[in-house]
>>> print(open('model-v3.csv').read())   # CSV, C-alpha atoms and all ligand atoms
chain,number,residue,atom,x,y,z
T,1,MET,CA,0.7,11.9,7.8
T,2,SER,CA,2.8,14.7,6.5
T,3,GLU,CA,2.5,14.8,2.7
T,4,PRO,CA,-0.5,16.2,1.0
T,5,SER,CA,-3.2,13.5,0.9
T,6,ARG,CA,-6.6,14.7,-0.2
T,7,ALA,CA,-9.4,14.6,2.3
T,8,ALA,CA,-12.2,12.1,1.9
T,9,PRO,CA,-14.9,12.2,4.6
T,10,TRP,CA,-16.4,9.0,6.1
T,11,TYR,CA,-20.2,8.7,5.8
T,12,ILE,CA,-21.2,6.8,9.0
T,13,ASP,CA,-24.8,5.7,9.4
T,14,PRO,CA,-25.4,6.5,13.1
T,15,ALA,CA,-27.7,3.4,13.4
T,16,ALA,CA,-25.0,1.0,12.1
T,17,PRO,CA,-23.6,-1.4,14.7
T,18,GLU,CA,-20.0,-0.4,13.7
T,19,ALA,CA,-20.8,3.4,14.0
T,20,ALA,CA,-18.9,4.0,17.3
T,21,ALA,CA,-15.8,2.1,16.3
T,22,ASP,CA,-15.8,3.7,12.8
T,23,ARG,CA,-16.1,7.2,14.4
T,24,ASN,CA,-13.2,6.4,16.7
T,25,LEU,CA,-11.0,5.3,13.9
T,26,ALA,CA,-12.0,8.3,11.7
T,27,SER,CA,-11.2,10.7,14.5
T,28,SER,CA,-7.9,9.1,15.3
T,29,LEU,CA,-6.8,9.6,11.7
T,30,ALA,CA,-8.3,13.1,11.3
T,31,ILE,CA,-11.0,11.9,8.9
T,32,GLU,CA,-14.2,13.9,9.0
T,33,PRO,CA,-17.2,11.7,9.9
T,34,VAL,CA,-20.4,12.8,8.2
T,35,GLU,CA,-24.0,11.7,8.7
T,36,VAL,CA,-25.2,12.3,5.1
T,37,PRO,CA,-23.3,11.4,2.0
T,38,PRO,CA,-21.3,14.4,0.6
T,39,PRO,CA,-22.4,15.9,-2.7
T,40,HIS,CA,-19.0,15.8,-4.4
T,41,GLY,CA,-15.8,13.9,-4.5
T,42,LEU,CA,-14.6,10.6,-2.9
T,43,TYR,CA,-15.9,9.4,0.5
T,44,LEU,CA,-15.8,6.3,2.6
T,45,LYS,CA,-18.9,4.3,3.5
T,46,ARG,CA,-19.3,0.8,5.0
T,47,GLU,CA,-20.9,-1.8,2.7
T,48,ALA,CA,-21.9,-5.4,3.3
T,49,ALA,CA,-18.7,-6.4,1.5
T,50,GLY,CA,-16.5,-4.1,3.7
T,51,LEU,CA,-15.4,-0.5,3.8
T,52,GLY,CA,-15.9,1.1,0.4
T,53,LEU,CA,-14.6,4.2,-1.4
T,54,HIS,CA,-17.4,5.9,-3.2
T,55,ARG,CA,-17.6,8.7,-5.7
T,56,ALA,CA,-20.4,11.1,-5.1
T,57,ASP,CA,-20.3,12.9,-8.5
T,58,GLY,CA,-19.5,11.8,-12.1
T,59,PRO,CA,-20.8,8.6,-13.8
T,60,ARG,CA,-22.3,6.0,-11.5
T,61,THR,CA,-19.8,3.4,-10.6
T,62,HIS,CA,-19.3,0.7,-8.0
T,63,PRO,CA,-17.5,1.5,-4.8
T,64,LEU,CA,-13.9,0.3,-4.4
T,65,THR,CA,-13.6,-2.4,-1.7
T,66,LEU,CA,-10.4,-4.3,-1.1
T,67,ASP,CA,-10.3,-8.1,-0.9
T,68,LEU,CA,-6.7,-9.2,-0.2
T,69,SER,CA,-7.3,-12.8,-1.2
T,70,ALA,CA,-8.8,-11.7,-4.5
T,71,LEU,CA,-5.8,-9.3,-5.1
T,72,LEU,CA,-3.4,-12.2,-4.4
T,73,ALA,CA,-5.3,-14.6,-6.7
T,74,GLU,CA,-4.9,-12.1,-9.6
T,75,ARG,CA,-1.1,-11.9,-9.0
T,76,MET,CA,0.1,-15.3,-7.7
T,77,ARG,CA,0.6,-16.9,-11.1
T,78,GLY,CA,4.3,-16.5,-12.0
T,79,ALA,CA,4.9,-14.5,-8.9
T,80,ARG,CA,8.0,-16.5,-7.9
T,81,GLN,CA,9.7,-15.6,-11.2
T,82,SER,CA,8.5,-12.0,-11.3
T,83,PRO,CA,10.7,-9.0,-11.4
T,84,LEU,CA,9.3,-8.0,-8.0
T,85,ALA,CA,10.4,-11.3,-6.5
T,86,LYS,CA,13.8,-11.1,-8.0
T,87,ALA,CA,14.3,-7.5,-6.9
T,88,CYS,CA,13.2,-8.2,-3.3
T,89,GLY,CA,15.2,-11.5,-3.0
T,90,LEU,CA,12.0,-13.6,-2.9
T,91,ALA,CA,12.7,-15.7,-6.0
T,92,ARG,CA,13.7,-18.6,-3.7
T,93,PRO,CA,11.7,-19.2,-0.5
T,94,ALA,CA,13.8,-17.8,2.4
T,95,PRO,CA,12.6,-16.2,5.5
T,96,GLN,CA,13.0,-12.4,5.6
T,97,HIS,CA,11.3,-9.4,7.1
T,98,LEU,CA,10.1,-6.8,4.5
T,99,CYS,CA,8.7,-3.4,5.1
T,100,ASP,CA,6.3,-2.2,2.4
T,101,ALA,CA,6.8,1.5,3.0
T,102,THR,CA,4.2,2.6,0.5
T,103,ALA,CA,1.5,-0.1,0.9
T,104,GLY,CA,-1.3,1.7,-0.9
T,105,LEU,CA,-4.0,-0.9,-1.8
T,106,GLY,CA,-1.7,-3.8,-0.5
T,107,ARG,CA,-1.2,-5.5,-3.8
T,108,ASP,CA,2.6,-5.8,-3.5
T,109,SER,CA,2.4,-6.6,0.2
T,110,VAL,CA,0.1,-9.6,-0.4
T,111,VAL,CA,2.5,-11.0,-3.0
T,112,ALA,CA,5.5,-10.6,-0.8
T,113,ALA,CA,3.7,-12.3,2.1
T,114,TRP,CA,2.6,-15.1,-0.2
T,115,LEU,CA,6.2,-15.5,-1.4
T,116,GLY,CA,7.3,-16.1,2.2
T,117,ALA,CA,8.2,-12.7,3.7
T,118,GLU,CA,7.0,-11.3,7.0
T,119,VAL,CA,5.6,-8.1,5.7
T,120,THR,CA,5.0,-4.8,7.6
T,121,PRO,CA,2.8,-2.5,5.5
T,122,ILE,CA,2.9,1.3,6.0
T,123,GLU,CA,0.4,3.7,4.5
T,124,ARG,CA,0.2,7.4,5.4
T,125,CYS,CA,-2.9,8.5,3.4
T,126,ALA,CA,-5.7,8.1,5.9
T,127,PRO,CA,-8.6,7.0,3.7
T,128,ILE,CA,-6.4,4.5,1.8
T,129,TYR,CA,-5.1,3.2,5.2
T,130,CYS,CA,-8.7,2.7,6.3
T,131,LEU,CA,-9.5,0.6,3.2
T,132,LEU,CA,-6.3,-1.5,3.7
T,133,LEU,CA,-6.9,-2.0,7.5
T,134,ASP,CA,-10.5,-3.0,6.8
T,135,ALA,CA,-9.4,-5.6,4.2
T,136,TRP,CA,-6.7,-6.8,6.5
T,137,GLN,CA,-9.2,-7.3,9.4
T,138,ARG,CA,-11.6,-9.2,7.1
T,139,ALA,CA,-8.8,-11.4,5.9
T,140,GLN,CA,-7.7,-12.2,9.4
T,141,SER,CA,-11.2,-13.1,10.6
T,142,LEU,CA,-12.1,-15.4,7.7
T,143,SER,CA,-13.7,-18.6,9.0
T,144,GLY,CA,-11.3,-21.5,9.4
T,145,ALA,CA,-7.6,-21.1,10.0
T,146,PRO,CA,-6.2,-18.1,8.2
T,147,SER,CA,-3.7,-18.9,5.4
T,148,ALA,CA,0.0,-18.8,6.2
T,149,TRP,CA,0.4,-15.7,4.0
T,150,ILE,CA,-2.1,-13.6,5.9
T,151,GLN,CA,-0.5,-14.6,9.2
T,152,ARG,CA,2.8,-13.2,7.7
T,153,LEU,CA,1.1,-9.9,6.9
T,154,ALA,CA,1.3,-7.5,9.9
T,155,ARG,CA,-1.5,-5.0,10.8
T,156,PRO,CA,-0.8,-1.9,8.6
T,157,GLU,CA,0.8,1.1,10.2
T,158,PRO,CA,-0.9,4.5,9.6
T,159,VAL,CA,2.2,6.6,9.6
T,160,ASP,CA,4.6,8.4,7.3
T,161,ALA,CA,7.3,5.9,6.6
T,162,THR,CA,10.2,8.5,6.4
T,163,THR,CA,9.4,9.6,9.9
T,164,TRP,CA,8.8,6.1,11.2
T,165,LEU,CA,12.0,4.7,9.7
T,166,SER,CA,14.1,7.5,10.9
T,167,GLN,CA,13.3,6.3,14.4
T,168,ALA,CA,13.9,2.6,13.6
T,169,VAL,CA,17.0,0.6,14.6
T,170,PRO,CA,19.4,0.0,11.6
T,171,GLY,CA,18.9,-3.6,10.4
T,172,ARG,CA,15.2,-3.7,11.6
T,173,PHE,CA,14.1,-5.1,8.2
T,174,ASP,CA,16.0,-7.1,5.6
T,175,THR,CA,14.2,-5.4,2.7
T,176,ILE,CA,12.4,-2.1,2.4
T,177,TYR,CA,10.2,-1.8,-0.6
T,178,MET,CA,8.9,1.5,-2.0
T,179,ASP,CA,6.4,2.1,-4.9
T,180,PRO,CA,6.0,5.9,-4.8
T,181,MET,CA,3.4,7.7,-6.8
T,182,PHE,CA,4.8,10.0,-9.4
T,183,ALA,CA,3.1,13.1,-10.9
T,184,ALA,CA,3.7,12.0,-14.4
T,185,ALA,CA,1.2,9.4,-15.7
T,186,ARG,CA,2.6,5.9,-15.1
T,187,ARG,CA,1.1,4.5,-18.2
T,188,LYS,CA,-0.3,5.7,-21.5
T,189,ALA,CA,-3.7,4.0,-21.1
T,190,ARG,CA,-6.2,5.4,-18.7
T,191,PRO,CA,-5.4,3.9,-15.3
T,192,GLN,CA,-8.0,1.5,-13.8
T,193,LYS,CA,-10.5,3.0,-11.4
T,194,ALA,CA,-8.6,1.7,-8.3
T,195,LEU,CA,-5.3,3.3,-9.4
T,196,ALA,CA,-7.0,6.6,-10.5
T,197,TRP,CA,-8.8,7.0,-7.2
T,198,LEU,CA,-5.6,6.0,-5.3
T,199,GLY,CA,-3.8,8.8,-7.2
T,200,GLU,CA,-6.5,11.3,-6.5
T,201,LEU,CA,-6.4,10.6,-2.8
T,202,ALA,CA,-2.7,10.2,-2.2
T,203,GLY,CA,-1.4,12.8,-4.7
T,204,PRO,CA,2.2,12.6,-6.0
T,205,ASP,CA,5.0,11.7,-3.7
T,206,PRO,CA,7.7,14.4,-4.2
T,207,ASP,CA,9.4,13.3,-1.0
T,208,ALA,CA,10.4,9.8,-2.3
T,209,ALA,CA,14.1,10.6,-2.2
T,210,ALA,CA,13.9,11.4,1.5
T,211,LEU,CA,12.1,8.0,2.1
T,212,LEU,CA,14.8,6.2,0.1
T,213,ALA,CA,17.5,7.9,2.3
T,214,ALA,CA,15.7,6.8,5.5
T,215,ALA,CA,15.1,3.3,4.2
T,216,ARG,CA,18.8,2.9,3.2
T,217,ARG,CA,19.8,3.5,6.9
T,218,VAL,CA,17.4,0.8,8.2
T,219,ALA,CA,17.4,-2.0,5.6
T,220,ALA,CA,19.8,-4.8,6.4
T,221,THR,CA,20.1,-6.1,2.9
T,222,ARG,CA,18.4,-3.8,0.3
T,223,VAL,CA,16.0,-1.1,-0.6
T,224,VAL,CA,13.9,-1.7,-3.7
T,225,VAL,CA,12.2,1.2,-5.5
T,226,LYS,CA,9.6,0.5,-8.2
T,227,GLN,CA,9.7,3.2,-10.9
T,228,HIS,CA,8.2,3.9,-14.2
T,229,ALA,CA,10.4,2.1,-16.8
T,230,ARG,CA,11.7,5.4,-18.3
T,231,SER,CA,11.9,7.6,-15.2
T,232,GLN,CA,15.2,8.8,-13.6
T,233,PRO,CA,16.3,6.7,-10.6
T,234,LEU,CA,16.0,8.5,-7.2
T,235,ALA,CA,19.8,7.9,-6.7
T,236,THR,CA,22.4,5.6,-8.2
T,237,PRO,CA,21.2,2.0,-7.7
T,238,SER,CA,23.4,-1.1,-7.2
T,239,HIS,CA,21.5,-2.7,-10.0
T,240,GLN,CA,18.2,-2.6,-11.9
T,241,ILE,CA,15.6,-5.1,-12.9
T,242,GLN,CA,13.6,-4.1,-15.9
T,243,ALA,CA,10.0,-5.2,-16.4
T,244,LYS,CA,7.6,-4.3,-19.2
T,245,ALA,CA,6.3,-0.9,-18.0
T,246,VAL,CA,8.2,-0.6,-14.7
T,247,ARG,CA,11.7,-0.9,-13.4
T,248,PHE,CA,12.9,-2.0,-10.0
T,249,ASP,CA,16.0,-0.1,-8.7
T,250,VAL,CA,17.8,-2.1,-6.1
T,251,TYR,CA,20.0,-0.4,-3.5
T,252,LEU,CA,22.1,-2.9,-1.6
T,253,THR,CA,22.9,-1.7,1.9
T,254,GLY,CA,25.2,-4.5,3.3
T,255,LEU,CA,24.3,-3.6,6.9
T,256,GLY,CA,24.1,-7.3,7.9
T,257,VAL,CA,21.3,-9.7,8.9
T,258,SER,CA,18.2,-8.3,10.5
T,259,SER,CA,16.6,-9.7,13.6
U,301,LIG,C1,1.7,3.8,-6.0
U,301,LIG,S1,0.9,3.7,-4.5
U,301,LIG,C2,1.5,2.1,-3.9
U,301,LIG,C3,0.7,0.9,-4.5
U,301,LIG,C4,1.1,-0.4,-3.8
U,301,LIG,N1,2.4,-0.8,-4.1
U,301,LIG,C5,0.1,-1.5,-4.1
U,301,LIG,O1,0.5,-2.6,-4.4
U,301,LIG,O2,-1.1,-1.2,-4.0
U,301,LIG,C6,1.8,4.7,-3.4
U,301,LIG,C7,1.3,4.8,-2.0
U,301,LIG,O3,2.3,5.1,-1.1
U,301,LIG,C8,1.9,6.0,-0.1
U,301,LIG,N2,3.1,6.7,0.4
U,301,LIG,C9,3.9,7.4,-0.3
U,301,LIG,N3,4.9,7.9,0.4
U,301,LIG,C10,4.7,7.4,1.7
U,301,LIG,C11,5.4,7.5,2.9
U,301,LIG,N4,6.5,8.3,3.0
U,301,LIG,N5,4.9,6.9,4.0
U,301,LIG,C12,3.8,6.1,3.9
U,301,LIG,N6,3.1,6.0,2.7
U,301,LIG,C13,3.5,6.6,1.6
U,301,LIG,C14,0.9,6.8,-0.8
U,301,LIG,O4,-0.1,7.4,0.1
U,301,LIG,C15,0.2,5.8,-1.8
U,301,LIG,O5,-0.9,5.2,-1.2
>>> encode(input="model-v3.csv", output="structure tokens")
Amino acid sequence: MSEPSRAAPWYIDPAAPEAAADRNLASSLAIEPVEVPPPHGLYLKREAAGLGLHRADGPRTHPLTLDLSALLAERMRGARQSPLAKACGLARPAPQHLCDATAGLGRDSVVAAWLGAEVTPIERCAPIYCLLLDAWQRAQSLSGAPSAWIQRLARPEPVDATTWLSQAVPGRFDTIYMDPMFAAARRKARPQKALAWLGELAGPDPDAAALLAAARRVAATRVVVKQHARSQPLATPSHQIQAKAVRFDVYLTGLGVSS
């Protein structure tokens, strides 16, 4: 996890049944486990609803817990005609393997999986990765047969995508999708809590151009970069798909069909 993500400790109740597993995961990702809630800042804590991100100071607010089915339910209406689907080649159902190189809270990953792609999510910021992994595990273990879309969503990878893709075979994915965080505010209105906390933890992504270069070497068909509508592209795209507040820059690679 090379870029500057902010630390968020994990408050683990030693008496909780998941304490040992949580401590192992925390230490494998260099997250500090603590036995009392910290006085300041953001921290992780397990809730009945799943792993939550809490704020110790500031106004009282609910923890942030991810629910992938709920995230999908908010986004599935019109998803097939959306700019994201058009940019990623998902406007018509066709099998493809998509890497979400900046998975964050998993919102774009779930839509891509629901639209029919086999999705590999990658997230390098350790606390955000833990929230995503926990949501993915809960979605996988829902009683009854898991939905087809959740079966198409692979276990997230806790790595830096630039490093990871630089070791991948060219053509490994059909599409590589990136939604980097930019230092400039992405919108005029105050961002929702989830986005504000995500930004606070992940920080800006000044290395997005390096990720694009690594992705262009590996994607069989295209790399798609989501950008603020008025921002400069990272390089010269093959074409662009404009949405209301954002833009999708599409870089066709023409490497051929992936496995
Ligand atoms: C704007 S958020 C992505 C939001 C996401 N599209 C969603 O639907 O929730 C950007 C995320 O990408 C992650 N990220 C940025 N560069 C990365 C890289 N090179 N490798 C892995 N993760 C990266 C950041 O840590 C952050 O969580």
>>> closest_residue(input="model-v3.csv", among="T:Ala103, T:Leu131, T:Leu255, T:Ala210", to="ligand LIG 301 (chain U)", atoms="all atoms listed in the file")
T:Ala103
>>> residues_near_ligand(input="model-v3.csv", ligand="ligand LIG 301 (chain U)", cutoff="9 Å", atoms="all atoms listed in the file", output="compact mmCIF listing (two decimals) with C-alpha atoms, keeping the file's coordinate frame")
# COMPACT_ATOMS: atom_id res chain seq x y z
CA MET T 1 0.70 11.90 7.80
CA SER T 2 2.80 14.70 6.50
CA GLU T 3 2.50 14.80 2.70
CA PRO T 4 -0.50 16.20 1.00
CA SER T 5 -3.20 13.50 0.90
CA ASP T 100 6.30 -2.20 2.40
CA ALA T 101 6.80 1.50 3.00
CA THR T 102 4.20 2.60 0.50
CA ALA T 103 1.50 -0.10 0.90
CA GLY T 104 -1.30 1.70 -0.90
CA LEU T 105 -4.00 -0.90 -1.80
CA GLY T 106 -1.70 -3.80 -0.50
CA ARG T 107 -1.20 -5.50 -3.80
CA ASP T 108 2.60 -5.80 -3.50
CA SER T 109 2.40 -6.60 0.20
CA VAL T 110 0.10 -9.60 -0.40
CA VAL T 111 2.50 -11.00 -3.00
CA PRO T 121 2.80 -2.50 5.50
CA ILE T 122 2.90 1.30 6.00
CA GLU T 123 0.40 3.70 4.50
CA ARG T 124 0.20 7.40 5.40
CA CYS T 125 -2.90 8.50 3.40
CA ALA T 126 -5.70 8.10 5.90
CA ILE T 128 -6.40 4.50 1.80
CA TYR T 129 -5.10 3.20 5.20
CA GLU T 157 0.80 1.10 10.20
CA PRO T 158 -0.90 4.50 9.60
CA VAL T 159 2.20 6.60 9.60
CA ASP T 160 4.60 8.40 7.30
CA ALA T 161 7.30 5.90 6.60
CA THR T 162 10.20 8.50 6.40
CA THR T 163 9.40 9.60 9.90
CA TRP T 164 8.80 6.10 11.20
CA TYR T 177 10.20 -1.80 -0.60
CA MET T 178 8.90 1.50 -2.00
CA ASP T 179 6.40 2.10 -4.90
CA PRO T 180 6.00 5.90 -4.80
CA MET T 181 3.40 7.70 -6.80
CA PHE T 182 4.80 10.00 -9.40
CA LEU T 195 -5.30 3.30 -9.40
CA LEU T 198 -5.60 6.00 -5.30
CA GLY T 199 -3.80 8.80 -7.20
CA LEU T 201 -6.40 10.60 -2.80
CA ALA T 202 -2.70 10.20 -2.20
CA GLY T 203 -1.40 12.80 -4.70
CA PRO T 204 2.20 12.60 -6.00
CA ASP T 205 5.00 11.70 -3.70
CA PRO T 206 7.70 14.40 -4.20
CA ASP T 207 9.40 13.30 -1.00
CA ALA T 208 10.40 9.80 -2.30
CA ALA T 210 13.90 11.40 1.50
CA LEU T 211 12.10 8.00 2.10
CA LYS T 226 9.60 0.50 -8.20
>>> residues_around(input="model-v3.csv", residues="segment 229-231 of chain T", least_positions_apart="3", cutoff="9 Å", atoms="only C-alpha atoms", output="short mmCIF file (atom, residue, chain, number, x, y, z; two decimals) with C-alpha atoms, in the frame of the given file")
data_model
loop_
_atom_site.label_atom_id
_atom_site.label_comp_id
_atom_site.auth_asym_id
_atom_site.auth_seq_id
_atom_site.Cartn_x
_atom_site.Cartn_y
_atom_site.Cartn_z
CA ARG T 186 2.60 5.90 -15.10
CA LYS T 226 9.60 0.50 -8.20
CA GLN T 242 13.60 -4.10 -15.90
CA ALA T 243 10.00 -5.20 -16.40
CA LYS T 244 7.60 -4.30 -19.20
CA ALA T 245 6.30 -0.90 -18.00
CA VAL T 246 8.20 -0.60 -14.70
CA ARG T 247 11.70 -0.90 -13.40
CA PHE T 248 12.90 -2.00 -10.00
#
>>> closest_residue(input="model-v3.csv", among="T:Thr65, T:Ser27, T:Ser166, T:Ser238", to="Val225 of chain T", atoms="all atoms listed in the file")
T:Ser238
>>> closest_residue(input="model-v3.csv", among="T:Ala154, T:Leu84, T:Cys130, T:Ala73", to="Trp10 of chain T", atoms="all atoms listed in the file")
T:Cys130
>>> atom_distance(input="model-v3.csv", atom1="atom CA of Leu165 of chain T", atom2="atom CA of Val223 of chain T")
12.5 Å
>>> closest_residue(input="model-v3.csv", among="T:Ala219, T:Leu68, T:Cys88, T:Val34", to="Leu142 of chain T", atoms="only C-alpha atoms")
T:Leu68
>>> atom_distance(input="model-v3.csv", atom1="atom CA of Leu64 of chain T", atom2="atom CA of Tyr11 of chain T")
14.6 Å
>>> atom_distance(input="model-v3.csv", atom1="atom CA of Ala113 of chain T", atom2="atom CA of Gln81 of chain T")
15.0 Å
>>> residues_around(input="model-v3.csv", residues="segment 38-52 of chain T", least_positions_apart="4", cutoff="10 Å", atoms="only C-alpha atoms", output="PyMOL selection string")
chain T and resi 6-13+16+18-19+22+31-34+56-58+62-67+127-128+130-135+137-138+197+200-201
>>> residues_around(input="model-v3.csv", residues="Leu153 of chain T", least_positions_apart="6", cutoff="7 Å", atoms="all atoms listed in the file", output="number ranges by chain")
T: 113, 118-120
>>> residues_around(input="model-v3.csv", residues="Gln140 of chain T", least_positions_apart="4", cutoff="8 Å", atoms="all atoms listed in the file", output="ChimeraX atom specification")
/T:136,146,150-151
>>> residues_around(input="model-v3.csv", residues="Tyr251 of chain T", least_positions_apart="5", cutoff="10 Å", atoms="all atoms listed in the file", output="PyMOL selection string")
chain T and resi 87+175-176+212+215-216+219+221-225+235-240
>>> closest_residue(input="model-v3.csv", among="T:Gly116, T:Ala15, T:Thr61, T:Arg77", to="Gly89 of chain T", atoms="only C-alpha atoms")
T:Gly116
>>> closest_residue(input="model-v3.csv", among="T:Pro14, T:Pro37, T:Pro83, T:Pro93", to="Asp249 of chain T", atoms="only C-alpha atoms")
T:Pro83
